[in-house]
Amino acid sequence: MPVTVVDHPLVRHKLGILRQDGVSTKSFRDLAGEVARLLTYEATKDLKTEKKTVQGWAGSVEVEQIKGKKITVVPILRAGLGMMDGVLDMIPGAKVSVVGMYRNEETLAPVQYYVKLAKEIQKRTALILDPMLATGGTLIATIDLLKEAGCKKIKGLFLVAAPEGLAKLEAAHPDVHVYVAAIDERLNEVGYILPGLGDAGDKIFG
Ligand code: PRP
């Protein structure tokens with residue numbers, strides 16, 4: 001399973017602020033969006049383009065444009081919404097598919113409560129957005145439902161991921177390419193990522 005750690009000074013700096021206890025809701029939202037933009041830059045490097053001739057200032061000029069049905073972003077509610085605006089800044093034509101899931105705090109199993117997918121999702125690359133990949137249960141359930149809907153190309157963008165969740169994803173969906181700002185050390189006994197970000201949903205929504 002391909003995993004790209006977007007290792008860049010700007011990403012490391014912004015992630016360092018996101019990790020600080022007491023970071024304000026405004027700062028957390030702003031920084032989550034900024035890191036999401038940088039992850040999007042990496043995750044869209046393989047988009048196909050086609051040539052087109054346009055009128056430039058000095059006559060006709062050949063340019064490139066993105067080809068065909070493109071992308072649907074898939075924020076996982078709630079916390080994935082905190083990355084969505086940043087991603088859409090970079091790919092404003094993307095459709096949005098919304099998946100609502102939360103973790104049962106005792107079993108850590110994902111509980112689905114809302115799904116609304118974009119039209120013609122089977123022709124689009126899906127970019128799943130979630131600040132955290134912890135046990136991997138939420139992501140695997142989301143990929144399961146996207147594949148059932150006919151989606152063939154799926155990527156995931158995360159601020160931080162736990163090695164345990166990445167291993168579980170590799171076993172379940174080795175075809176999915178993951179882009180992360182950092183792979184953290186481990187999960188604690190209640191399924192939180194260490195050092196992690198704390199509860200990203202609470203930090204974004206209060
Ligand atoms: C968090 C996070 C992921 C999930 C990751 O959501 O945003 O969706 O947990 O955990 P997993 O990899 O172990 O499944 P949470 O359940 O806190 O919901 P929220 O975004 O609504 O706050």
# chains A, B, ... in the order shown; residues from 1 in each chain; ligands from 1
$ residues_around --residues "Thr107 in chain A" --least-positions-apart "6" --cutoff "12 Å" --atoms "only C-alpha atoms" --output "CSV table (one decimal) with all heavy atoms, in the first residue's frame"
chain,number,residue,atom,x,y,z
A,135,THR,N,-7.3,3.7,14.7
A,135,THR,CA,-7.4,2.2,14.5
A,135,THR,C,-7.6,1.9,13.0
A,135,THR,O,-7.3,0.7,12.7
A,135,THR,CB,-8.5,1.6,15.3
A,135,THR,OG1,-9.8,2.1,14.7
A,135,THR,CG2,-8.5,2.0,16.8
A,137,GLY,N,-10.5,1.8,11.6
A,137,GLY,CA,-11.9,1.3,11.4
A,137,GLY,C,-12.8,2.3,10.6
A,137,GLY,O,-13.5,1.8,9.7
A,189,GLU,N,-4.2,3.3,25.1
A,189,GLU,CA,-5.1,2.2,25.5
A,189,GLU,C,-6.5,2.5,25.1
A,189,GLU,O,-7.4,1.5,25.1
A,189,GLU,CB,-4.9,1.7,26.9
A,189,GLU,CG,-5.1,2.8,28.0
A,189,GLU,CD,-3.9,3.8,28.0
A,189,GLU,OE1,-2.8,3.6,27.4
A,189,GLU,OE2,-4.1,4.9,28.6
A,190,VAL,N,-6.9,3.7,24.9
A,190,VAL,CA,-8.2,4.1,24.5
A,190,VAL,C,-8.3,4.5,23.0
A,190,VAL,O,-9.3,5.2,22.6
A,190,VAL,CB,-8.9,5.1,25.5
A,190,VAL,CG1,-9.2,4.5,26.8
A,190,VAL,CG2,-8.0,6.4,25.6
A,191,GLY,N,-7.3,4.2,22.3
A,191,GLY,CA,-7.4,4.4,20.8
A,191,GLY,C,-7.1,5.8,20.3
A,191,GLY,O,-7.5,6.1,19.2
$ residues_around --residues "range 155-161 of chain A" --least-positions-apart "6" --cutoff "10 Å" --atoms "only C-alpha atoms" --output "short mmCIF file (atom, residue, chain, number, x, y, z; two decimals) with N, CA and C atoms, in the first residue's frame"
data_model
loop_
_atom_site.label_atom_id
_atom_site.label_comp_id
_atom_site.auth_asym_id
_atom_site.auth_seq_id
_atom_site.Cartn_x
_atom_site.Cartn_y
_atom_site.Cartn_z
N PRO A 2 0.71 2.13 -0.99
CA PRO A 2 1.54 3.33 -1.00
C PRO A 2 1.16 4.32 0.11
N VAL A 3 2.17 4.73 0.84
CA VAL A 3 1.97 5.77 1.87
C VAL A 3 2.98 6.88 1.59
N THR A 4 2.49 8.10 1.38
CA THR A 4 3.38 9.24 1.16
C THR A 4 3.33 10.15 2.38
N VAL A 5 4.47 10.27 3.03
CA VAL A 5 4.57 11.24 4.13
C VAL A 5 5.04 12.55 3.50
N VAL A 6 4.19 13.57 3.57
CA VAL A 6 4.52 14.85 2.95
C VAL A 6 5.46 15.59 3.90
N VAL A 11 5.04 21.91 6.37
CA VAL A 11 4.12 20.92 6.97
C VAL A 11 4.56 20.62 8.40
N LEU A 15 2.26 21.46 11.60
CA LEU A 15 1.85 20.33 12.44
C LEU A 15 2.32 20.53 13.88
N LEU A 18 -0.23 22.64 15.48
CA LEU A 18 -1.47 21.87 15.69
C LEU A 18 -1.38 20.95 16.90
N ALA A 32 -5.20 23.42 9.91
CA ALA A 32 -5.68 22.17 9.30
C ALA A 32 -5.94 22.41 7.81
N VAL A 35 -2.44 22.76 5.96
CA VAL A 35 -1.78 21.47 5.73
C VAL A 35 -2.57 20.66 4.70
N ALA A 36 -3.89 20.77 4.73
CA ALA A 36 -4.71 20.05 3.74
C ALA A 36 -4.37 20.50 2.32
N LEU A 39 -1.15 18.76 1.36
CA LEU A 39 -1.39 17.33 1.08
C LEU A 39 -2.04 17.17 -0.29
N THR A 40 -2.94 18.10 -0.63
CA THR A 40 -3.65 18.02 -1.91
C THR A 40 -2.68 18.18 -3.07
N GLU A 42 0.34 17.20 -3.24
CA GLU A 42 1.00 15.90 -3.46
C GLU A 42 0.04 14.88 -4.03
N ALA A 43 -1.16 14.86 -3.49
CA ALA A 43 -2.11 13.78 -3.84
C ALA A 43 -2.69 13.93 -5.25
N THR A 44 -2.49 15.10 -5.88
CA THR A 44 -3.04 15.31 -7.22
C THR A 44 -1.95 15.32 -8.29
N VAL A 73 -14.20 14.97 -3.34
CA VAL A 73 -13.62 14.93 -2.01
C VAL A 73 -14.65 14.31 -1.07
N VAL A 74 -14.15 13.55 -0.11
CA VAL A 74 -15.04 12.81 0.80
C VAL A 74 -14.66 13.14 2.25
N PRO A 75 -15.14 14.28 2.78
CA PRO A 75 -14.85 14.55 4.18
C PRO A 75 -15.64 13.58 5.07
N GLY A 80 -13.37 15.74 9.36
CA GLY A 80 -12.91 15.88 7.97
C GLY A 80 -13.32 17.20 7.35
N MET A 83 -10.75 19.96 6.97
CA MET A 83 -9.76 19.95 5.89
C MET A 83 -10.39 20.33 4.55
N VAL A 87 -8.75 21.86 0.80
CA VAL A 87 -8.65 21.00 -0.38
C VAL A 87 -9.40 21.64 -1.56
N THR A 125 -12.04 10.07 -9.03
CA THR A 125 -11.10 9.71 -7.97
C THR A 125 -11.65 10.28 -6.67
N ALA A 126 -11.71 9.44 -5.63
CA ALA A 126 -12.20 9.91 -4.33
C ALA A 126 -11.00 10.28 -3.44
N LEU A 127 -11.06 11.47 -2.88
CA LEU A 127 -10.06 11.89 -1.89
C LEU A 127 -10.75 11.96 -0.54
N ILE A 128 -10.50 10.95 0.28
CA ILE A 128 -11.09 10.91 1.62
C ILE A 128 -10.31 11.87 2.54
N LEU A 129 -11.03 12.66 3.31
CA LEU A 129 -10.39 13.63 4.20
C LEU A 129 -10.74 13.35 5.65
N ASP A 130 -9.73 13.21 6.47
CA ASP A 130 -9.96 13.05 7.91
C ASP A 130 -8.66 13.45 8.61
N PRO A 131 -8.70 14.27 9.63
CA PRO A 131 -7.43 14.63 10.28
C PRO A 131 -6.70 13.44 10.88
N MET A 132 -7.45 12.38 11.27
CA MET A 132 -6.80 11.30 12.01
C MET A 132 -7.15 9.92 11.47
N LEU A 133 -6.11 9.10 11.32
CA LEU A 133 -6.29 7.68 11.03
C LEU A 133 -5.76 6.97 12.27
N ALA A 134 -6.67 6.49 13.11
CA ALA A 134 -6.24 5.91 14.39
C ALA A 134 -6.23 4.38 14.29
N THR A 135 -7.34 3.71 14.66
CA THR A 135 -7.37 2.25 14.50
C THR A 135 -7.57 1.86 13.04
N GLY A 136 -8.06 2.81 12.24
CA GLY A 136 -8.32 2.52 10.82
C GLY A 136 -9.74 2.08 10.54
N LEU A 139 -11.88 4.61 8.44
CA LEU A 139 -11.42 4.70 7.05
C LEU A 139 -11.80 3.45 6.27
N ILE A 143 -14.04 3.33 2.92
CA ILE A 143 -13.57 2.76 1.64
C ILE A 143 -14.51 1.64 1.20
N ASP A 175 -4.80 -1.23 -2.13
CA ASP A 175 -4.78 -0.39 -3.34
C ASP A 175 -4.94 1.10 -3.04
N VAL A 176 -5.27 1.44 -1.82
CA VAL A 176 -5.57 2.85 -1.50
C VAL A 176 -4.28 3.60 -1.13
N HIS A 177 -4.04 4.73 -1.80
CA HIS A 177 -2.84 5.53 -1.54
C HIS A 177 -3.14 6.54 -0.42
N VAL A 178 -2.28 6.54 0.56
CA VAL A 178 -2.49 7.41 1.72
C VAL A 178 -1.42 8.51 1.74
N TYR A 179 -1.88 9.74 2.02
CA TYR A 179 -0.99 10.90 2.15
C TYR A 179 -1.14 11.45 3.57
N VAL A 180 -0.03 11.54 4.27
CA VAL A 180 -0.10 12.00 5.66
C VAL A 180 0.96 13.07 5.90
N ALA A 181 0.65 13.97 6.84
CA ALA A 181 1.66 14.94 7.25
C ALA A 181 2.66 14.26 8.19
N ALA A 182 2.22 13.26 8.95
CA ALA A 182 3.14 12.54 9.85
C ALA A 182 2.56 11.17 10.21
N ILE A 183 3.46 10.21 10.37
CA ILE A 183 3.09 8.92 10.98
C ILE A 183 3.55 9.00 12.43
N ASP A 184 2.62 8.90 13.35
CA ASP A 184 2.95 9.07 14.76
C ASP A 184 3.42 7.74 15.37
N GLU A 185 3.62 7.75 16.71
CA GLU A 185 4.27 6.59 17.35
C GLU A 185 3.34 5.40 17.51
N ARG A 186 2.17 5.63 18.10
CA ARG A 186 1.30 4.50 18.44
C ARG A 186 -0.04 5.00 18.94
N LEU A 187 -0.95 4.05 19.20
CA LEU A 187 -2.23 4.36 19.85
C LEU A 187 -2.09 4.13 21.35
N ILE A 193 -4.28 8.65 19.18
CA ILE A 193 -2.95 8.65 18.59
C ILE A 193 -1.98 9.41 19.51
N LEU A 194 -0.78 8.81 19.72
CA LEU A 194 0.30 9.47 20.47
C LEU A 194 1.46 9.76 19.54
N PRO A 195 2.07 10.97 19.53
CA PRO A 195 1.64 12.13 20.31
C PRO A 195 0.33 12.74 19.80
N GLY A 196 0.01 12.62 18.55
CA GLY A 196 -1.31 12.99 18.03
C GLY A 196 -1.66 14.46 18.13
N LEU A 197 -2.95 14.70 18.01
CA LEU A 197 -3.48 16.07 18.02
C LEU A 197 -4.52 16.27 19.11
N ALA A 200 -9.43 16.01 17.38
CA ALA A 200 -9.47 17.04 16.32
C ALA A 200 -10.89 17.56 16.10
#
$ closest_residue --among "A:Pro110, A:Ser97, A:Glu105, A:Arg37" --to "Cys151 in chain A" --atoms "only C-alpha atoms"
A:Ser97
$ select_by_dssp --residues "range 30-186 of chain A" --states "strand (DSSP E or B)" --output "number ranges by chain"
A: 49-56, 59-66, 71-77, 95-96, 98-103, 110-116, 125-129, 132-133, 153-161, 177-183, 186
$ select_by_dssp --residues "chain A" --states "helix (DSSP H, G or I)" --output "count of residues only"
70
$ closest_residue --among "A:Ile71, A:Leu146, A:Val54, A:Ala167" --to "ligand 1" --atoms "only C-alpha atoms and all ligand atoms"
A:Ala167
$ residues_around --residues "Arg124 in chain A" --least-positions-apart "2" --cutoff "10 Å" --atoms "only C-alpha atoms" --output "PDB file with N, CA and C atoms, in the first residue's frame"
ATOM      1  N   GLY A  68     -11.153  15.010 -18.240  1.00  0.00           N
ATOM      2  CA  GLY A  68     -12.207  14.058 -17.889  1.00  0.00           C
ATOM      3  C   GLY A  68     -12.872  14.299 -16.547  1.00  0.00           C
ATOM      4  N   LYS A  69     -13.638  13.281 -16.096  1.00  0.00           N
ATOM      5  CA  LYS A  69     -14.276  13.358 -14.771  1.00  0.00           C
ATOM      6  C   LYS A  69     -13.177  13.361 -13.740  1.00  0.00           C
ATOM      7  N   LYS A  70     -13.306  14.170 -12.793  1.00  0.00           N
ATOM      8  CA  LYS A  70     -12.146  14.433 -11.969  1.00  0.00           C
ATOM      9  C   LYS A  70     -12.253  13.850 -10.577  1.00  0.00           C
ATOM     10  N   ILE A  71     -12.577  14.689  -9.654  1.00  0.00           N
ATOM     11  CA  ILE A  71     -12.385  14.302  -8.252  1.00  0.00           C
ATOM     12  C   ILE A  71     -13.660  14.506  -7.458  1.00  0.00           C
ATOM     13  N   THR A  72     -13.885  13.611  -6.503  1.00  0.00           N
ATOM     14  CA  THR A  72     -14.823  13.939  -5.435  1.00  0.00           C
ATOM     15  C   THR A  72     -14.045  13.924  -4.125  1.00  0.00           C
ATOM     16  N   VAL A  73     -14.204  14.973  -3.342  1.00  0.00           N
ATOM     17  CA  VAL A  73     -13.617  14.933  -2.007  1.00  0.00           C
ATOM     18  C   VAL A  73     -14.654  14.309  -1.069  1.00  0.00           C
ATOM     19  N   ALA A  94     -14.022  20.202  -7.740  1.00  0.00           N
ATOM     20  CA  ALA A  94     -14.331  18.872  -7.189  1.00  0.00           C
ATOM     21  C   ALA A  94     -15.748  18.827  -6.628  1.00  0.00           C
ATOM     22  N   LYS A  95     -16.395  17.671  -6.799  1.00  0.00           N
ATOM     23  CA  LYS A  95     -17.693  17.443  -6.150  1.00  0.00           C
ATOM     24  C   LYS A  95     -17.433  16.969  -4.720  1.00  0.00           C
ATOM     25  N   ALA A 118     -21.484  11.915  -4.327  1.00  0.00           N
ATOM     26  CA  ALA A 118     -21.619  12.710  -5.551  1.00  0.00           C
ATOM     27  C   ALA A 118     -22.111  11.821  -6.699  1.00  0.00           C
ATOM     28  N   LYS A 119     -22.769  12.468  -7.665  1.00  0.00           N
ATOM     29  CA  LYS A 119     -23.205  11.742  -8.871  1.00  0.00           C
ATOM     30  C   LYS A 119     -21.992  11.214  -9.635  1.00  0.00           C
ATOM     31  N   GLU A 120     -22.203  10.100 -10.316  1.00  0.00           N
ATOM     32  CA  GLU A 120     -21.157   9.485 -11.155  1.00  0.00           C
ATOM     33  C   GLU A 120     -19.866   9.272 -10.371  1.00  0.00           C
ATOM     34  N   ILE A 121     -20.022   8.832  -9.142  1.00  0.00           N
ATOM     35  CA  ILE A 121     -18.827   8.668  -8.298  1.00  0.00           C
ATOM     36  C   ILE A 121     -17.906   7.599  -8.874  1.00  0.00           C
ATOM     37  N   GLN A 122     -18.487   6.663  -9.632  1.00  0.00           N
ATOM     38  CA  GLN A 122     -17.667   5.581 -10.184  1.00  0.00           C
ATOM     39  C   GLN A 122     -16.650   6.095 -11.215  1.00  0.00           C
ATOM     40  N   ALA A 126     -11.712   9.443  -5.635  1.00  0.00           N
ATOM     41  CA  ALA A 126     -12.195   9.912  -4.329  1.00  0.00           C
ATOM     42  C   ALA A 126     -11.005  10.280  -3.445  1.00  0.00           C
ATOM     43  N   LEU A 127     -11.064  11.474  -2.880  1.00  0.00           N
ATOM     44  CA  LEU A 127     -10.059  11.893  -1.889  1.00  0.00           C
ATOM     45  C   LEU A 127     -10.747  11.957  -0.536  1.00  0.00           C
ATOM     46  N   GLY A 150     -19.068   1.756  -6.468  1.00  0.00           N
ATOM     47  CA  GLY A 150     -18.426   1.665  -7.779  1.00  0.00           C
ATOM     48  C   GLY A 150     -17.161   2.484  -7.929  1.00  0.00           C
ATOM     49  N   CYS A 151     -16.724   3.116  -6.866  1.00  0.00           N
ATOM     50  CA  CYS A 151     -15.533   3.964  -6.925  1.00  0.00           C
ATOM     51  C   CYS A 151     -14.291   3.079  -7.088  1.00  0.00           C
ATOM     52  N   LYS A 152     -13.470   3.407  -8.065  1.00  0.00           N
ATOM     53  CA  LYS A 152     -12.330   2.527  -8.360  1.00  0.00           C
ATOM     54  C   LYS A 152     -10.999   3.107  -7.883  1.00  0.00           C
ATOM     55  N   LYS A 153     -10.910   4.417  -7.841  1.00  0.00           N
ATOM     56  CA  LYS A 153      -9.635   5.007  -7.435  1.00  0.00           C
ATOM     57  C   LYS A 153      -9.867   5.853  -6.176  1.00  0.00           C
ATOM     58  N   ILE A 154      -9.208   5.447  -5.107  1.00  0.00           N
ATOM     59  CA  ILE A 154      -9.460   6.077  -3.810  1.00  0.00           C
ATOM     60  C   ILE A 154      -8.121   6.438  -3.160  1.00  0.00           C
TER      61      ILE A 154
END
$ decode --residues "range 156-194 of chain A" --atoms "C-alpha atoms" --output "PDB file, in the first residue's frame"
ATOM      1  CA  GLY A 156      -6.869   9.251   1.726  1.00  0.00           C
ATOM      2  CA  LEU A 157      -5.500  12.513   3.173  1.00  0.00           C
ATOM      3  CA  PHE A 158      -4.730  12.687   6.898  1.00  0.00           C
ATOM      4  CA  LEU A 159      -2.885  15.026   9.189  1.00  0.00           C
ATOM      5  CA  VAL A 160      -1.602  12.210  11.422  1.00  0.00           C
ATOM      6  CA  ALA A 161      -1.815   8.417  11.210  1.00  0.00           C
ATOM      7  CA  ALA A 162      -1.037   5.650  13.695  1.00  0.00           C
ATOM      8  CA  PRO A 163       1.100   2.693  12.531  1.00  0.00           C
ATOM      9  CA  GLU A 164      -1.622   0.323  13.822  1.00  0.00           C
ATOM     10  CA  GLY A 165      -4.249   1.893  11.552  1.00  0.00           C
ATOM     11  CA  LEU A 166      -1.947   1.887   8.529  1.00  0.00           C
ATOM     12  CA  ALA A 167      -1.246  -1.844   9.047  1.00  0.00           C
ATOM     13  CA  LYS A 168      -4.979  -2.586   9.254  1.00  0.00           C
ATOM     14  CA  LEU A 169      -5.609  -0.570   6.097  1.00  0.00           C
ATOM     15  CA  GLU A 170      -2.828  -2.393   4.253  1.00  0.00           C
ATOM     16  CA  ALA A 171      -4.524  -5.707   5.045  1.00  0.00           C
ATOM     17  CA  ALA A 172      -8.002  -4.516   4.024  1.00  0.00           C
ATOM     18  CA  HIS A 173      -7.387  -2.136   1.100  1.00  0.00           C
ATOM     19  CA  PRO A 174      -3.804  -2.333  -0.204  1.00  0.00           C
ATOM     20  CA  ASP A 175      -4.783  -0.387  -3.345  1.00  0.00           C
ATOM     21  CA  VAL A 176      -5.567   2.855  -1.498  1.00  0.00           C
ATOM     22  CA  HIS A 177      -2.836   5.531  -1.539  1.00  0.00           C
ATOM     23  CA  VAL A 178      -2.487   7.407   1.725  1.00  0.00           C
ATOM     24  CA  TYR A 179      -0.991  10.901   2.149  1.00  0.00           C
ATOM     25  CA  VAL A 180      -0.097  12.002   5.659  1.00  0.00           C
ATOM     26  CA  ALA A 181       1.664  14.935   7.254  1.00  0.00           C
ATOM     27  CA  ALA A 182       3.140  12.537   9.845  1.00  0.00           C
ATOM     28  CA  ILE A 183       3.086   8.924  10.981  1.00  0.00           C
ATOM     29  CA  ASP A 184       2.953   9.067  14.760  1.00  0.00           C
ATOM     30  CA  GLU A 185       4.268   6.587  17.351  1.00  0.00           C
ATOM     31  CA  ARG A 186       1.302   4.501  18.437  1.00  0.00           C
ATOM     32  CA  LEU A 187      -2.232   4.356  19.848  1.00  0.00           C
ATOM     33  CA  ASN A 188      -2.839   4.614  23.565  1.00  0.00           C
ATOM     34  CA  GLU A 189      -5.080   2.159  25.453  1.00  0.00           C
ATOM     35  CA  VAL A 190      -8.239   4.072  24.510  1.00  0.00           C
ATOM     36  CA  GLY A 191      -7.424   4.376  20.809  1.00  0.00           C
ATOM     37  CA  TYR A 192      -6.010   7.913  20.719  1.00  0.00           C
ATOM     38  CA  ILE A 193      -2.947   8.650  18.595  1.00  0.00           C
ATOM     39  CA  LEU A 194       0.302   9.470  20.468  1.00  0.00           C
TER      40      LEU A 194
END
